[in-house]
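model-v6.cif, holding mmCIF, C-alpha atoms and all ligand atoms:
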```cif
data_data
loop_
_atom_site.label_atom_id
_atom_site.label_comp_id
_atom_site.auth_asym_id
_atom_site.auth_seq_id
_atom_site.Cartn_x
_atom_site.Cartn_y
_atom_site.Cartn_z
CA MET A 25 34.12 13.75 -12.23
CA LYS A 26 32.92 15.48 -15.40
CA ASN A 27 31.52 18.96 -14.87
CA TRP A 28 28.05 17.93 -15.90
CA GLU A 29 28.03 15.17 -13.30
CA ALA A 30 27.84 17.78 -10.57
CA LYS A 31 24.50 18.78 -12.06
CA LEU A 32 22.93 15.32 -11.78
CA ARG A 33 20.39 14.63 -9.08
CA GLU A 34 21.68 12.16 -6.48
CA ILE A 35 18.94 10.29 -4.64
CA THR A 36 18.52 6.88 -3.03
CA PRO A 37 15.45 5.43 -4.70
CA TYR A 38 12.70 3.22 -3.34
CA VAL A 39 13.46 -0.46 -3.96
CA PRO A 40 10.38 -2.50 -4.89
CA GLY A 41 10.16 -6.22 -4.13
CA GLU A 42 11.67 -8.36 -6.84
CA GLN A 43 9.50 -9.83 -9.62
CA PRO A 44 11.05 -13.23 -10.25
CA ASP A 45 9.51 -15.42 -12.93
CA PHE A 46 9.78 -19.16 -12.38
CA ALA A 47 7.07 -21.60 -13.41
CA ASP A 48 7.23 -23.39 -10.04
CA MET A 49 7.48 -20.34 -7.78
CA VAL A 50 5.30 -19.32 -4.84
CA LYS A 51 5.34 -15.54 -4.93
CA LEU A 52 4.53 -14.08 -1.52
CA ASN A 53 6.84 -11.05 -1.55
CA THR A 54 4.89 -8.06 -2.87
CA ASN A 55 1.39 -8.46 -1.39
CA GLU A 56 -0.23 -9.13 -4.73
CA ASN A 57 -3.60 -10.87 -4.81
CA PRO A 58 -3.36 -14.59 -5.69
CA TYR A 59 -6.75 -14.50 -7.44
CA PRO A 60 -7.37 -13.02 -10.90
CA PRO A 61 -9.33 -9.77 -11.33
CA ALA A 62 -13.14 -9.92 -11.65
CA PRO A 63 -14.18 -11.83 -14.81
CA GLY A 64 -15.58 -8.63 -16.36
CA VAL A 65 -12.02 -7.28 -16.58
CA ALA A 66 -10.91 -10.05 -18.96
CA ARG A 67 -14.04 -9.43 -21.03
CA THR A 68 -13.35 -5.69 -21.16
CA MET A 69 -9.73 -6.33 -22.20
CA ALA A 70 -10.87 -8.59 -25.02
CA GLU A 71 -13.27 -5.91 -26.26
CA LEU A 72 -10.74 -3.04 -26.18
CA SER A 73 -10.22 -1.49 -29.54
CA ALA A 74 -6.58 -1.06 -30.64
CA GLY A 75 -7.84 1.64 -33.02
CA LYS A 76 -8.71 3.80 -29.99
CA LEU A 77 -5.06 3.85 -28.97
CA SER A 78 -4.36 6.50 -31.59
CA LEU A 79 -6.38 8.95 -29.48
CA TYR A 80 -5.41 10.44 -26.16
CA PRO A 81 -7.42 8.96 -23.29
CA ASN A 82 -10.09 10.94 -21.48
CA PRO A 83 -8.00 13.35 -19.34
CA GLU A 84 -10.44 13.10 -16.42
CA ALA A 85 -10.56 9.27 -16.63
CA LYS A 86 -14.31 9.79 -16.58
CA PRO A 87 -15.66 6.20 -16.72
CA LEU A 88 -13.36 5.20 -13.86
CA VAL A 89 -14.05 8.26 -11.71
CA GLU A 90 -17.80 7.96 -12.26
CA GLN A 91 -17.79 4.32 -11.23
CA LEU A 92 -15.67 5.11 -8.14
CA SER A 93 -18.20 7.80 -7.31
CA LYS A 94 -21.08 5.32 -7.62
CA THR A 95 -19.35 2.50 -5.73
CA TYR A 96 -18.25 4.65 -2.78
CA GLY A 97 -21.03 7.25 -2.79
CA ILE A 98 -18.62 10.18 -3.06
CA GLU A 99 -18.99 13.02 -5.60
CA ALA A 100 -16.74 12.79 -8.66
CA ASP A 101 -15.07 16.14 -7.94
CA ARG A 102 -13.81 14.72 -4.64
CA ILE A 103 -11.88 11.88 -6.34
CA PHE A 104 -8.31 11.95 -7.67
CA VAL A 105 -7.04 9.00 -9.74
CA GLY A 106 -3.48 8.03 -10.60
CA VAL A 107 -1.13 5.36 -11.88
CA GLY A 108 -1.29 3.19 -8.77
CA SER A 109 -1.50 4.73 -5.32
CA ASP A 110 2.25 5.38 -5.61
CA ASP A 111 1.47 8.03 -8.21
CA VAL A 112 -1.45 9.32 -6.14
CA LEU A 113 0.68 9.57 -2.99
CA GLY A 114 3.58 11.16 -4.88
CA MET A 115 1.25 13.84 -6.27
CA ILE A 116 -0.18 14.40 -2.79
CA PHE A 117 3.32 14.88 -1.34
CA LEU A 118 4.10 17.36 -4.11
CA SER A 119 0.89 19.35 -3.77
CA CYS A 120 -0.10 19.17 -0.08
CA PHE A 121 3.14 19.35 1.91
CA CYS A 122 4.43 22.78 0.97
CA SER A 123 5.37 24.17 4.39
CA GLU A 124 8.71 24.54 6.19
CA ARG A 125 7.52 22.31 9.01
CA PRO A 126 8.36 18.60 8.90
CA ILE A 127 5.73 16.12 7.87
CA LEU A 128 5.25 13.16 10.22
CA PHE A 129 5.03 9.44 9.56
CA PRO A 130 5.99 6.33 11.56
CA ASP A 131 9.61 5.11 11.68
CA ILE A 132 8.42 1.74 10.41
CA THR A 133 6.02 2.18 7.51
CA TYR A 134 5.80 2.14 3.73
CA SER A 135 9.37 2.88 2.66
CA PHE A 136 8.33 5.14 -0.22
CA TYR A 137 7.27 8.00 2.11
CA ASP A 138 10.77 9.14 2.98
CA VAL A 139 11.86 8.76 -0.67
CA TRP A 140 9.14 11.16 -1.88
CA ALA A 141 9.99 13.54 0.95
CA ASP A 142 13.63 13.48 -0.19
CA LEU A 143 12.70 13.82 -3.86
CA PHE A 144 10.46 16.84 -3.26
CA ARG A 145 12.74 18.27 -0.52
CA ILE A 146 10.04 18.10 2.11
CA PRO A 147 11.37 18.06 5.69
CA PHE A 148 10.15 15.02 7.62
CA THR A 149 10.29 13.38 11.04
CA ARG A 150 10.01 9.64 11.59
CA VAL A 151 7.86 9.00 14.65
CA PRO A 152 8.80 5.73 16.42
CA LEU A 153 6.13 3.06 16.75
CA ASP A 154 5.82 1.63 20.27
CA GLU A 155 7.42 -1.71 21.14
CA ASN A 156 4.36 -3.59 19.84
CA PHE A 157 4.59 -1.78 16.50
CA ARG A 158 1.60 0.40 17.40
CA ILE A 159 1.13 4.03 16.42
CA ARG A 160 0.68 6.26 19.50
CA LYS A 161 -1.82 8.89 18.44
CA GLU A 162 -0.53 11.45 20.97
CA ASP A 163 2.82 11.54 19.12
CA TYR A 164 0.97 13.25 16.28
CA PHE A 165 -0.54 16.01 18.42
CA VAL A 166 2.37 18.35 17.64
CA GLU A 167 2.95 21.06 15.04
CA ASN A 168 3.76 19.61 11.63
CA GLY A 169 3.66 20.19 7.89
CA GLY A 170 1.39 17.21 7.25
CA ILE A 171 0.80 13.62 8.38
CA VAL A 172 0.89 10.31 6.50
CA ILE A 173 -0.36 7.13 8.12
CA ALA A 174 -0.80 3.76 6.45
CA ASN A 175 -3.80 2.08 8.08
CA PRO A 176 -3.42 -0.85 8.41
CA ASN A 177 0.30 -0.11 8.52
CA ALA A 178 2.85 -1.88 6.34
CA PRO A 179 4.98 -3.89 6.79
CA THR A 180 3.68 -4.37 10.35
CA SER A 181 0.09 -5.36 9.38
CA VAL A 182 -1.23 -3.54 12.47
CA ALA A 183 -4.50 -1.60 12.18
CA MET A 184 -5.61 1.44 14.15
CA ASP A 185 -9.20 2.02 15.30
CA LEU A 186 -11.18 4.64 13.43
CA SER A 187 -11.68 6.58 16.67
CA GLU A 188 -7.90 7.01 16.98
CA ILE A 189 -7.54 8.05 13.35
CA GLU A 190 -10.28 10.61 13.94
CA GLU A 191 -8.42 12.03 16.94
CA ILE A 192 -5.31 12.50 14.82
CA VAL A 193 -7.31 14.25 12.09
CA ARG A 194 -9.19 16.39 14.64
CA HIS A 195 -5.98 17.52 16.36
CA ASN A 196 -4.42 18.48 13.03
CA GLN A 197 -6.92 20.64 11.22
CA ASP A 198 -4.14 22.98 10.10
CA SER A 199 -2.45 20.19 8.12
CA ILE A 200 -3.36 17.69 5.45
CA VAL A 201 -3.70 14.22 6.99
CA VAL A 202 -3.28 11.34 4.52
CA ILE A 203 -4.53 7.86 5.40
CA ASP A 204 -3.04 5.27 3.05
CA GLU A 205 -5.58 2.43 2.99
CA ALA A 206 -3.82 0.03 0.60
CA TYR A 207 -4.87 -2.92 2.81
CA VAL A 208 -8.09 -1.70 4.41
CA ASP A 209 -10.36 -4.16 2.57
CA PHE A 210 -8.81 -7.10 4.45
CA GLY A 211 -10.30 -6.16 7.81
CA GLY A 212 -9.34 -2.58 8.67
CA GLU A 213 -11.73 0.28 9.35
CA SER A 214 -11.81 2.86 6.57
CA ALA A 215 -11.62 6.58 7.33
CA LEU A 216 -14.11 7.33 4.51
CA PRO A 217 -16.94 8.14 6.98
CA LEU A 218 -14.79 11.01 8.35
CA LEU A 219 -14.53 12.75 4.97
CA ASP A 220 -17.68 14.79 5.38
CA ARG A 221 -16.43 16.24 8.65
CA TYR A 222 -12.78 17.01 7.83
CA GLU A 223 -11.73 18.96 4.75
CA ASN A 224 -8.05 18.31 5.58
CA LEU A 225 -8.40 14.52 5.27
CA LEU A 226 -7.30 12.45 2.25
CA VAL A 227 -8.06 8.74 2.02
CA VAL A 228 -5.93 6.83 -0.51
CA GLN A 229 -6.77 3.36 -1.84
CA THR A 230 -5.52 1.09 -4.63
CA PHE A 231 -6.59 -1.60 -7.10
CA SER A 232 -3.28 -3.42 -6.56
CA LYS A 233 -4.11 -5.56 -3.55
CA SER A 234 -7.78 -6.28 -2.85
CA ARG A 235 -8.86 -5.83 -6.48
CA SER A 236 -6.16 -8.08 -7.99
CA MET A 237 -4.96 -5.46 -10.48
CA ALA A 238 -1.39 -4.54 -9.52
CA GLY A 239 -0.40 -4.86 -13.19
CA MET A 240 -2.95 -2.25 -14.28
CA ARG A 241 -1.61 0.50 -11.97
CA ILE A 242 -4.70 2.25 -10.61
CA GLY A 243 -4.92 4.19 -7.37
CA TYR A 244 -7.27 6.87 -6.10
CA ALA A 245 -7.79 9.40 -3.34
CA PHE A 246 -10.95 10.81 -1.78
CA GLY A 247 -10.88 14.25 -0.20
CA SER A 248 -12.53 17.64 -0.13
CA LYS A 249 -13.16 19.45 -3.43
CA ARG A 250 -10.62 22.11 -2.57
CA VAL A 251 -7.79 19.66 -1.87
CA ILE A 252 -8.59 17.36 -4.80
CA SER A 253 -8.59 20.26 -7.25
CA ALA A 254 -5.22 21.43 -5.90
CA ILE A 255 -3.76 17.96 -6.56
CA TYR A 256 -5.19 17.93 -10.11
CA ALA A 257 -3.70 21.36 -10.79
CA VAL A 258 -0.26 20.01 -9.86
CA ARG A 259 -0.74 16.83 -11.88
CA ASN A 260 -1.89 18.82 -14.90
CA SER A 261 1.25 20.92 -14.60
CA TYR A 262 3.32 17.78 -14.99
CA ASN A 263 1.46 15.18 -17.09
CA SER A 264 -2.24 15.50 -17.88
CA TYR A 265 -2.74 12.01 -19.36
CA THR A 266 -1.66 9.66 -16.61
CA MET A 267 -4.58 7.24 -16.88
CA ASN A 268 -4.46 5.13 -20.02
CA TYR A 269 -7.47 3.90 -21.97
CA PRO A 270 -7.29 0.21 -20.87
CA SER A 271 -7.00 1.01 -17.17
CA ILE A 272 -9.85 3.54 -17.27
CA LEU A 273 -12.24 0.91 -18.68
CA CYS A 274 -10.92 -2.16 -16.85
CA GLY A 275 -10.83 -0.32 -13.53
CA ALA A 276 -14.44 0.80 -13.92
CA GLU A 277 -15.47 -2.76 -14.82
CA ALA A 278 -13.72 -4.29 -11.79
CA LEU A 279 -15.63 -2.02 -9.41
CA LYS A 280 -18.99 -3.19 -10.74
CA ASP A 281 -18.52 -6.76 -9.54
CA GLU A 282 -19.00 -6.33 -5.81
CA ALA A 283 -19.81 -10.02 -5.24
CA TYR A 284 -16.53 -11.20 -6.76
CA PHE A 285 -14.58 -8.63 -4.73
CA ALA A 286 -16.30 -9.68 -1.51
CA GLY A 287 -15.68 -13.36 -2.33
CA THR A 288 -11.93 -13.16 -3.01
CA THR A 289 -11.38 -10.84 -0.04
CA LYS A 290 -13.22 -13.26 2.23
CA LYS A 291 -11.15 -16.19 0.95
CA ILE A 292 -7.89 -14.35 1.68
CA ILE A 293 -9.04 -13.45 5.18
CA ALA A 294 -10.02 -17.10 5.86
CA THR A 295 -6.63 -18.32 4.61
CA ARG A 296 -4.88 -15.69 6.73
CA GLU A 297 -6.64 -16.82 9.89
CA ARG A 298 -5.71 -20.45 9.22
CA VAL A 299 -2.07 -19.50 8.52
CA LYS A 300 -1.96 -17.58 11.81
CA GLN A 301 -2.79 -20.84 13.66
CA GLU A 302 -0.24 -22.87 11.71
CA PHE A 303 2.47 -20.24 12.17
CA SER A 304 1.94 -20.10 15.95
CA GLY A 305 2.40 -23.88 16.03
CA LEU A 306 5.70 -23.51 14.17
CA GLY A 307 7.14 -21.07 16.71
CA PHE A 308 6.42 -17.82 14.88
CA SER A 309 4.93 -14.76 16.48
CA PHE A 310 3.39 -11.80 14.68
CA PRO A 311 1.09 -8.83 15.27
CA ASP A 312 -2.60 -9.55 14.68
CA SER A 313 -2.74 -8.87 10.94
CA LYS A 314 -5.68 -7.04 9.37
CA THR A 315 -4.01 -7.19 5.95
CA ASN A 316 -3.20 -9.74 3.25
CA PHE A 317 0.19 -10.46 4.82
CA LEU A 318 1.76 -11.55 8.10
CA PHE A 319 4.75 -9.84 9.70
CA ALA A 320 6.39 -12.76 11.45
CA THR A 321 9.45 -13.50 13.57
CA HIS A 322 10.63 -16.93 14.68
CA GLU A 323 11.52 -17.83 18.28
CA SER A 324 14.89 -19.38 17.38
CA VAL A 325 15.76 -19.13 13.69
CA PRO A 326 16.83 -15.74 12.26
CA ALA A 327 14.50 -14.26 9.64
CA GLU A 328 17.27 -13.81 7.10
CA GLU A 329 18.16 -17.50 7.29
CA ILE A 330 14.52 -18.49 6.67
CA PHE A 331 14.28 -15.98 3.83
CA THR A 332 17.33 -17.47 2.09
CA MET A 333 16.18 -21.06 2.63
CA LEU A 334 12.76 -20.31 1.14
CA ARG A 335 14.26 -18.42 -1.75
CA GLU A 336 16.29 -21.46 -2.77
CA LYS A 337 13.02 -23.37 -2.99
CA HIS A 338 11.54 -20.59 -5.14
CA ILE A 339 9.25 -19.47 -2.33
CA PHE A 340 9.62 -15.68 -2.27
CA VAL A 341 8.82 -13.62 0.83
CA ARG A 342 10.03 -10.13 1.79
CA TYR A 343 12.88 -9.41 4.17
CA PHE A 344 13.90 -5.87 5.17
CA LYS A 345 17.41 -5.50 6.56
CA LYS A 346 16.47 -2.44 8.58
CA PRO A 347 16.69 -1.41 12.24
CA ARG A 348 13.98 -2.90 14.50
CA ILE A 349 12.57 -5.21 11.80
CA ASP A 350 15.59 -7.17 10.61
CA ASN A 351 14.39 -10.34 12.33
CA TYR A 352 10.98 -10.27 10.63
CA LEU A 353 9.57 -11.61 7.39
CA ARG A 354 6.66 -10.06 5.54
CA ILE A 355 4.71 -12.89 4.02
CA THR A 356 1.82 -12.30 1.61
CA ILE A 357 -1.28 -14.45 2.03
CA GLY A 358 -1.66 -16.46 -1.17
CA THR A 359 -4.05 -19.27 -2.02
CA ASP A 360 -4.45 -22.18 0.39
CA GLU A 361 -2.28 -24.33 -1.87
CA GLN A 362 0.51 -21.73 -1.92
CA MET A 363 0.40 -21.37 1.84
CA ASP A 364 0.53 -25.15 2.25
CA ARG A 365 3.72 -25.24 0.20
CA LEU A 366 5.20 -22.51 2.37
CA ILE A 367 4.16 -24.24 5.60
CA GLY A 368 5.50 -27.57 4.31
CA ALA A 369 8.90 -26.04 3.55
CA LEU A 370 9.04 -24.32 6.94
CA LYS A 371 8.09 -27.50 8.81
CA GLU A 372 10.69 -29.54 7.01
CA TYR A 373 13.43 -27.00 7.70
CA LEU A 374 12.55 -26.39 11.33
CA ASP A 375 12.18 -30.13 12.05
CA ALA A 376 15.59 -30.84 10.54
CA LYS A 377 17.14 -28.21 12.84
CA ASN A 378 15.73 -29.71 16.03
C1 LIG A 401 1.21 -1.52 -2.18
C2 LIG A 401 1.17 -0.22 -1.43
C3 LIG A 401 1.00 1.01 -2.06
C4 LIG A 401 1.07 1.24 -3.55
O1 LIG A 401 0.47 0.43 -4.34
P1 LIG A 401 0.18 0.79 -5.86
O2 LIG A 401 0.43 -0.51 -6.52
O3 LIG A 401 1.09 1.86 -6.32
O4 LIG A 401 -1.23 1.20 -5.85
C5 LIG A 401 0.87 2.14 -1.29
N1 LIG A 401 0.93 2.09 0.04
C6 LIG A 401 1.14 0.94 0.68
C7 LIG A 401 1.22 0.95 2.16
C8 LIG A 401 1.28 -0.24 -0.03
O5 LIG A 401 1.53 -1.38 0.60
#
```

Would you write the structure of this file as structure tokens?
Ligand SMILES: *Cc1c(COP(=O)(O)O)cnc(C)c1O
Amino acid sequence: MKNWEAKLREITPYVPGEQPDFADMVKLNTNENPYPPAPGVARTMAELSAGKLSLYPNPEAKPLVEQLSKTYGIEADRIFVGVGSDDVLGMIFLSCFCSERPILFPDITYSFYDVWADLFRIPFTRVPLDENFRIRKEDYFVENGGIVIANPNAPTSVAMDLSEIEEIVRHNQDSIVVIDEAYVDFGGESALPLLDRYENLLVVQTFSKSRSMAGMRIGYAFGSKRVISAIYAVRNSYNSYTMNYPSILCGAEALKDEAYFAGTTKKIIATRERVKQEFSGLGFSFPDSKTNFLFATHESVPAEEIFTMLREKHIFVRYFKKPRIDNYLRITIGTDEQMDRLIGALKEYLDAKN
């Protein structure tokens, strides 16, 4: 080992789902939206001026923040925006979890949480979900340095009632409680109504799933003025221009089209409910998803075998080789046609085995 190598940071990074690129593929592995963004986004992109790229973007991402404020009815100084909710969550970890006590999150949840904790040297405790992959609220009624809960949770797809979320926030008024609502638009209950009562609450959402804009990288958090300004102070001590000019304008435009958003979300929910029926008939079981994916296990065929079989047919789903969930597949809800191709491939394989 060279001397300078001892000075390098060693860390095990988060591994995102793969982004294969085949013309014939069915991509159901990263919970992207199968529908394009609202039509106004394409129009805004076409009207962008390349000449403007010589200037720095608005450091407060004003058009985007103002539209978020209008859409959600929350004051602009209570909104933090970032480069996807990954950036937002990372900044929250860095600015809100500065105690010696461990932060708490479920043992099975978004696998970036423990990576940020490692990166920022934040102590953490993984709290086991119960045997039905449910979060037990009482487990969070203990001293801690902060709490992070994805609701609905990923990759389990299980949602918690707002009353239970409120109990967790109420029992933890000495900590920041972060609710990651990446999937809430597909049938979960948002914690936004609690914001006026709890200054220690942060609600994080994203444009990547329900708004069909994963490629734009836009995420945001709502919280109290005090907490939001603390997060901005940290961000501005690191990189003050995170939001680029195209995403500021396209993000604002996407929010304006509420009818399109409601329509695509409704279609995905309808497809999900149909796929639940079909999957039960094929011998799969899964928690009752409130997200744009199913977390499914088969009664006789191992998940990894199904994953590999589908992959060969260019149907991509997600498989996590991890304790407790290594016999499950996380399958994004695509269009009806995509799901029919998936179901066709599964039927053919399972029939041939019997
Ligand atoms: C997808 C996802 C995110 C991050 O998405 P961005 O694309 O960075 O906005 C955050 N949390 C959960 C639980 C997710 O599934």

Find the residues of stretch 184-214 of chain A that sit at most 12 Å from stretch 146-160 of chain A; for each, write down the nearest two atoms and how far apart they are in Å, to one decimal. Count all atoms listed in the file. Sort by chain, then by number going up, and give it as a tab-separated table.
```
residue	atom	partner	partner_atom	distance
A:Met184	CA	A:Ile159	CA	7.6
A:Asp185	CA	A:Ile159	CA	10.6
A:Glu188	CA	A:Arg160	CA	9.0
A:Ile189	CA	A:Ile159	CA	10.0
A:Glu191	CA	A:Arg160	CA	11.1
A:Ile192	CA	A:Arg160	CA	9.8
```

*Select the residues contacting ligand LIG 401 (chain A) at a distance of at most 10 Å, based on all atoms listed in the file, then format the selection as a count of residues only.*
48

*Quick one: everything within 7 Å of A:Val201, counting all atoms listed in the file, minus sequence neighbours fewer than 3 positions away in the same chain. Send it as an MDAnalysis selection string.*
chainID A and resid 170:172 193 224:226

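With distances taken over all atoms listed in the file, A:Val50 is the one residue among A:Leu118, A:Val89, A:Val50, A:Leu77 lying closest to A:Ile367.
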
With a cut-off of 9 Å, could you pull out the residues of stretch 272-307 of chain A touching stretch 318-322 of chain A and give me the nearest pair of atoms for each, distance in Å to one decimal, using all atoms listed in the file, ordered by chain and ascending number, as JSON lines?
```
{"residue": "A:Arg296", "atom": "CA", "partner": "A:Leu318", "partner_atom": "CA", "distance": 7.9}
{"residue": "A:Val299", "atom": "CA", "partner": "A:Leu318", "partner_atom": "CA", "distance": 8.8}
{"residue": "A:Lys300", "atom": "CA", "partner": "A:Leu318", "partner_atom": "CA", "distance": 8.0}
{"residue": "A:Phe303", "atom": "CA", "partner": "A:Ala320", "partner_atom": "CA", "distance": 8.5}
{"residue": "A:Leu306", "atom": "CA", "partner": "A:His322", "partner_atom": "CA", "distance": 8.2}
{"residue": "A:Gly307", "atom": "CA", "partner": "A:His322", "partner_atom": "CA", "distance": 5.8}
```

*Fewer than 2 positions away in the same chain doesn't count, so skip those; otherwise give me all residues within 8 Å of A:Thr289, counting only C-alpha atoms, as a PyMOL selection string.*
chain A and resi 209-210+234+285-287+291-293

Just-selected residues, C-alpha atoms written as a compact mmCIF listing (two decimals), in the frame of the given file:
```txt
# COMPACT_ATOMS: atom_id res chain seq x y z
CA ASP A 209 -10.36 -4.16 2.57
CA PHE A 210 -8.81 -7.10 4.45
CA SER A 234 -7.78 -6.28 -2.85
CA PHE A 285 -14.58 -8.63 -4.73
CA ALA A 286 -16.30 -9.68 -1.51
CA GLY A 287 -15.68 -13.36 -2.33
CA LYS A 291 -11.15 -16.19 0.95
CA ILE A 292 -7.89 -14.35 1.68
CA ILE A 293 -9.04 -13.45 5.18
```

*Can you tell me, as a PyMOL selection string, what residues are no more than 12 Å from A:Ala254 when counting only C-alpha atoms, ignoring any on the same chain fewer than 2 positions away?*
chain A and resi 101-104+115-122+247-252+256-261

Please return stretch 69-76 of chain A, rebuilt to all heavy atoms, as a compact mmCIF listing (two decimals), keeping the file's coordinate frame.
```
# COMPACT_ATOMS: atom_id res chain seq x y z
N MET A 69 -11.02 -6.33 -21.49
CA MET A 69 -9.73 -6.33 -22.20
C MET A 69 -9.91 -6.88 -23.61
O MET A 69 -9.35 -6.34 -24.56
CB MET A 69 -8.70 -7.17 -21.45
CG MET A 69 -8.35 -6.55 -20.14
SD MET A 69 -6.63 -6.32 -19.74
CE MET A 69 -5.71 -7.50 -20.43
N ALA A 70 -10.68 -7.96 -23.71
CA ALA A 70 -10.87 -8.59 -25.02
C ALA A 70 -11.62 -7.66 -25.97
O ALA A 70 -11.43 -7.72 -27.18
CB ALA A 70 -11.62 -9.91 -24.86
N GLU A 71 -12.46 -6.80 -25.41
CA GLU A 71 -13.27 -5.91 -26.26
C GLU A 71 -12.59 -4.58 -26.56
O GLU A 71 -13.12 -3.76 -27.31
CB GLU A 71 -14.62 -5.64 -25.58
CG GLU A 71 -15.54 -6.86 -25.60
CD GLU A 71 -16.69 -6.76 -24.61
OE1 GLU A 71 -16.85 -5.69 -23.98
OE2 GLU A 71 -17.40 -7.76 -24.46
N LEU A 72 -11.42 -4.32 -25.94
CA LEU A 72 -10.74 -3.04 -26.18
C LEU A 72 -10.40 -2.91 -27.66
O LEU A 72 -10.04 -3.88 -28.31
CB LEU A 72 -9.43 -2.97 -25.38
CG LEU A 72 -9.53 -2.83 -23.86
CD1 LEU A 72 -8.13 -2.85 -23.27
CD2 LEU A 72 -10.27 -1.57 -23.46
N SER A 73 -10.50 -1.69 -28.13
CA SER A 73 -10.22 -1.49 -29.54
C SER A 73 -8.83 -0.85 -29.72
O SER A 73 -8.58 0.26 -29.24
CB SER A 73 -11.32 -0.59 -30.11
OG SER A 73 -10.81 0.18 -31.15
N ALA A 74 -7.94 -1.58 -30.42
CA ALA A 74 -6.58 -1.06 -30.64
C ALA A 74 -6.65 0.26 -31.41
O ALA A 74 -5.80 1.14 -31.23
CB ALA A 74 -5.73 -2.08 -31.38
N GLY A 75 -7.67 0.41 -32.26
CA GLY A 75 -7.84 1.64 -33.02
C GLY A 75 -7.94 2.87 -32.12
O GLY A 75 -7.45 3.95 -32.45
N LYS A 76 -8.54 2.68 -30.93
CA LYS A 76 -8.71 3.80 -29.99
C LYS A 76 -7.40 4.30 -29.41
O LYS A 76 -7.32 5.39 -28.85
CB LYS A 76 -9.60 3.34 -28.82
CG LYS A 76 -11.08 3.28 -29.14
CD LYS A 76 -11.83 4.41 -28.43
CE LYS A 76 -13.24 4.56 -28.91
NZ LYS A 76 -14.21 3.82 -28.13
```
